[in-house]
Amino acid sequence: MKLIKSISLAAAALSLTAPAIALVNPSITTAQAATKKATGTITVGNNNSSVIGVYNAAGKQKNQRIKNGTTFKYYGAPKLINYEYTYKIAKNKYVPTSAISTLNGKSVLYIANNSYVYDKNGKRVTKNSKRVLLRRSHIVNYTGSIKTAASDAYRFLVNDGKKMALSTKTIKGHQYYNIGKNAYIRVSNVSYVNNEPLYAAYQTVTLGKHSNESKVPVYDAEGKTVSQELTAGSKVSVDRTKTIKNGDQTLILYGIKGQKSYIDMNDIATMPNLAVAPEE
């Protein structure tokens, strides 16, 4: 379970090894132990084969996983567990929003940062005289279509190697996603669409020290150092990532925007929420 489901540059490049755990029977999807009437349904998983964890109310992961694409009934309002919202699918069993691809049969956005809701004029929506705020790690249904992204799109999805983008609306210079009738949230506050990561055309990172030295090495596409050096504390824009073997080591490199050179992930001190796409 994550504090905020934001796909970092490191997470995009690393693959996680799943522990040996029992598989939930896909036919048992009606939350047998629950006694209340179901509130709605959720579908878990995405196109990846990652483990989908189930938690108890105390935040401890249970010894099981859920098959991608399984639909469950859920009960009650989302509950905050381990700093992430979850949906109850059975007695003392909760699924985190970071594992959910549809809510009540409809597509969802994952909120990475607290986000106010705006109307078509850019004014914050109120309910009972209070501004409507979607908390980070909530999921919300949206209205819109996913189509081929423009060549200069800053945020995009990747589907079978093709760049795709969810339709947006520009309000007072900001890009918004439509989440209902006259209701919008800023694109910058969303990190996943239908449990698929949003990528950025580029991201700006801050370099840290390399082996306690202020000089940071730069690499070519084969992972060999070049004559160019950078300085710890400087900011660099990166627009792609690649993983290569260098002797006994595996290097995760990030391509410097506008150059054929790279920096090592381990030399990056601060990373933004969105990932850059893997190099083709």
# chains A, B, ... in the order shown; residues from 1 in each chain; ligands from 1
>>> residues_around(residues="A:Ser107", least_positions_apart="3", cutoff="6 Å", atoms="only C-alpha atoms", output="list in words")
Thr102, Asn141 and Asn194 of chain A
>>> residues_around(residues="A:Pro217", least_positions_apart="3", cutoff="12 Å", atoms="only C-alpha atoms", output="PyMOL selection string")
chain A and resi 207-211+213-214+220+223-232+253+261-268
>>> atom_distance(atom1="atom CA of A:Lys120", atom2="atom CA of A:Ala183")
7.1 Å
>>> residues_around(residues="A:Asp152", least_positions_apart="2", cutoff="12 Å", atoms="only C-alpha atoms", output="list in words")
Thr148, Ala149, Ala150, Tyr154, Arg155, Phe156, Lys163, Met164, Ala165, Ala200, Ala201 and Tyr202 of chain A
>>> write_last_selection(atoms="C-alpha atoms", output="mmCIF file, in the first residue's frame")
data_model
loop_
_atom_site.group_PDB
_atom_site.id
_atom_site.type_symbol
_atom_site.label_atom_id
_atom_site.label_comp_id
_atom_site.auth_asym_id
_atom_site.auth_seq_id
_atom_site.Cartn_x
_atom_site.Cartn_y
_atom_site.Cartn_z
ATOM 1 C CA THR A 148 -4.191 9.041 -29.709
ATOM 2 C CA ALA A 149 -2.095 11.716 -28.006
ATOM 3 C CA ALA A 150 -0.809 14.766 -29.853
ATOM 4 C CA TYR A 154 3.004 16.576 -21.969
ATOM 5 C CA ARG A 155 1.007 13.901 -20.105
ATOM 6 C CA PHE A 156 0.025 10.652 -21.758
ATOM 7 C CA LYS A 163 0.898 7.300 -26.725
ATOM 8 C CA MET A 164 -2.713 7.921 -25.720
ATOM 9 C CA ALA A 165 -4.363 10.797 -23.855
ATOM 10 C CA ALA A 200 5.288 12.910 -18.558
ATOM 11 C CA ALA A 201 7.093 14.052 -21.700
ATOM 12 C CA TYR A 202 9.892 15.158 -19.365
#
>>> select_by_dssp(residues="stretch 9-206 of chain A", states="helix (DSSP H, G or I)", output="PyMOL selection string")
chain A and resi 9-13+97-99+187-189
>>> select_by_dssp(residues="stretch 38-268 of chain A", states="strand (DSSP E or B)", output="NGL selection string")
:A and (40-44 or 55 or 61 or 64-65 or 71-74 or 79-81 or 84-90 or 93-96 or 100-103 or 106-111 or 115-116 or 118 or 124 or 126-127 or 130-131 or 133-134 or 139-141 or 143 or 146-148 or 155-159 or 162-166 or 169-171 or 174-180 or 183-186 or 190-193 or 196-197 or 199-200 or 203-207 or 210 or 213 or 215-219 or 225-231 or 235-246 or 249-256 or 262-264 or 268)
>>> atom_distance(atom1="atom CA of A:Val193", atom2="atom CA of A:Glu279")
21.4 Å
>>> closest_residue(among="A:Thr86, A:Thr204, A:Ser145, A:Ser151", to="A:Ser167", atoms="only C-alpha atoms")
A:Ser145
>>> closest_atom_pairs(of="stretch 47-94 of chain A", to="stretch 35-40 of chain A", cutoff="12 Å", atoms="only C-alpha atoms", output="JSON lines")
{"residue": "A:Thr71", "atom": "CA", "partner": "A:Gly40", "partner_atom": "CA", "distance": 10.4}
{"residue": "A:Phe72", "atom": "CA", "partner": "A:Gly40", "partner_atom": "CA", "distance": 8.5}
{"residue": "A:Lys73", "atom": "CA", "partner": "A:Gly40", "partner_atom": "CA", "distance": 5.7}
{"residue": "A:Tyr74", "atom": "CA", "partner": "A:Gly40", "partner_atom": "CA", "distance": 5.6}
{"residue": "A:Tyr75", "atom": "CA", "partner": "A:Ala38", "partner_atom": "CA", "distance": 5.0}
{"residue": "A:Gly76", "atom": "CA", "partner": "A:Thr39", "partner_atom": "CA", "distance": 5.9}
{"residue": "A:Ala77", "atom": "CA", "partner": "A:Thr39", "partner_atom": "CA", "distance": 8.0}
{"residue": "A:Pro78", "atom": "CA", "partner": "A:Thr39", "partner_atom": "CA", "distance": 10.5}
{"residue": "A:Tyr87", "atom": "CA", "partner": "A:Gly40", "partner_atom": "CA", "distance": 10.2}
{"residue": "A:Lys88", "atom": "CA", "partner": "A:Ala38", "partner_atom": "CA", "distance": 9.9}
{"residue": "A:Ile89", "atom": "CA", "partner": "A:Ala38", "partner_atom": "CA", "distance": 9.1}
{"residue": "A:Ala90", "atom": "CA", "partner": "A:Thr35", "partner_atom": "CA", "distance": 9.0}
{"residue": "A:Lys91", "atom": "CA", "partner": "A:Thr35", "partner_atom": "CA", "distance": 8.6}
>>> write_last_selection(atoms="N, CA and C atoms", output="mmCIF file, in the first residue's frame")
data_model
loop_
_atom_site.group_PDB
_atom_site.id
_atom_site.type_symbol
_atom_site.label_atom_id
_atom_site.label_comp_id
_atom_site.auth_asym_id
_atom_site.auth_seq_id
_atom_site.Cartn_x
_atom_site.Cartn_y
_atom_site.Cartn_z
ATOM 1 N N THR A 71 -14.188 -8.659 -10.118
ATOM 2 C CA THR A 71 -15.110 -7.639 -9.626
ATOM 3 C C THR A 71 -15.676 -8.058 -8.274
ATOM 4 N N PHE A 72 -15.673 -7.125 -7.324
ATOM 5 C CA PHE A 72 -16.182 -7.364 -5.980
ATOM 6 C C PHE A 72 -17.285 -6.367 -5.653
ATOM 7 N N LYS A 73 -18.201 -6.780 -4.799
ATOM 8 C CA LYS A 73 -19.099 -5.827 -4.168
ATOM 9 C C LYS A 73 -18.332 -5.164 -3.027
ATOM 10 N N TYR A 74 -18.607 -3.894 -2.771
ATOM 11 C CA TYR A 74 -17.980 -3.235 -1.627
ATOM 12 C C TYR A 74 -19.057 -2.684 -0.706
ATOM 13 N N TYR A 75 -18.639 -2.403 0.544
ATOM 14 C CA TYR A 75 -19.592 -2.064 1.597
ATOM 15 C C TYR A 75 -19.147 -0.806 2.331
ATOM 16 N N GLY A 76 -20.012 0.197 2.338
ATOM 17 C CA GLY A 76 -19.729 1.421 3.072
ATOM 18 C C GLY A 76 -18.836 2.382 2.312
ATOM 19 N N ALA A 77 -18.452 3.456 3.004
ATOM 20 C CA ALA A 77 -17.608 4.495 2.415
ATOM 21 C C ALA A 77 -16.141 4.077 2.459
ATOM 22 N N PRO A 78 -15.295 4.661 1.600
ATOM 23 C CA PRO A 78 -13.858 4.350 1.639
ATOM 24 C C PRO A 78 -13.271 4.618 3.022
ATOM 25 N N TYR A 87 -11.399 0.083 0.024
ATOM 26 C CA TYR A 87 -12.799 -0.319 -0.061
ATOM 27 C C TYR A 87 -12.965 -1.678 0.612
ATOM 28 N N LYS A 88 -13.986 -1.797 1.449
ATOM 29 C CA LYS A 88 -14.250 -3.038 2.175
ATOM 30 C C LYS A 88 -14.969 -4.019 1.260
ATOM 31 N N ILE A 89 -14.390 -5.226 1.091
ATOM 32 C CA ILE A 89 -14.996 -6.239 0.221
ATOM 33 C C ILE A 89 -15.523 -7.436 1.006
ATOM 34 N N ALA A 90 -15.182 -7.528 2.288
ATOM 35 C CA ALA A 90 -15.651 -8.606 3.156
ATOM 36 C C ALA A 90 -15.302 -8.227 4.586
ATOM 37 N N LYS A 91 -15.698 -9.054 5.533
ATOM 38 C CA LYS A 91 -15.396 -8.776 6.926
ATOM 39 C C LYS A 91 -13.884 -8.682 7.125
#
>>> residues_around(residues="A:Val190", least_positions_apart="2", cutoff="8 Å", atoms="only C-alpha atoms", output="number ranges by chain")
A: 109-113, 186-188, 192-193
>>> write_last_selection(atoms="C-alpha atoms", output="short mmCIF file (atom, residue, chain, number, x, y, z; two decimals), in the first residue's frame")
data_model
loop_
_atom_site.label_atom_id
_atom_site.label_comp_id
_atom_site.auth_asym_id
_atom_site.auth_seq_id
_atom_site.Cartn_x
_atom_site.Cartn_y
_atom_site.Cartn_z
CA LEU A 109 -8.93 8.64 -11.98
CA TYR A 110 -6.53 8.26 -9.04
CA ILE A 111 -6.00 11.46 -7.05
CA ALA A 112 -2.28 11.95 -6.29
CA ASN A 113 -2.64 15.33 -4.55
CA ARG A 186 -6.81 19.65 -12.48
CA VAL A 187 -4.81 17.20 -14.57
CA SER A 188 -1.74 17.94 -12.44
CA TYR A 192 -3.26 7.16 -12.84
CA VAL A 193 -6.13 6.64 -15.30
#
>>> residues_around(residues="stretch 242-249 of chain A", least_positions_apart="2", cutoff="8 Å", atoms="only C-alpha atoms", output="ChimeraX atom specification")
/A:13,222-223,240,251-255,278-279
>>> closest_residue(among="A:Ile179, A:Leu157, A:Val125, A:Ile81", to="A:Val108", atoms="only C-alpha atoms")
A:Ile179
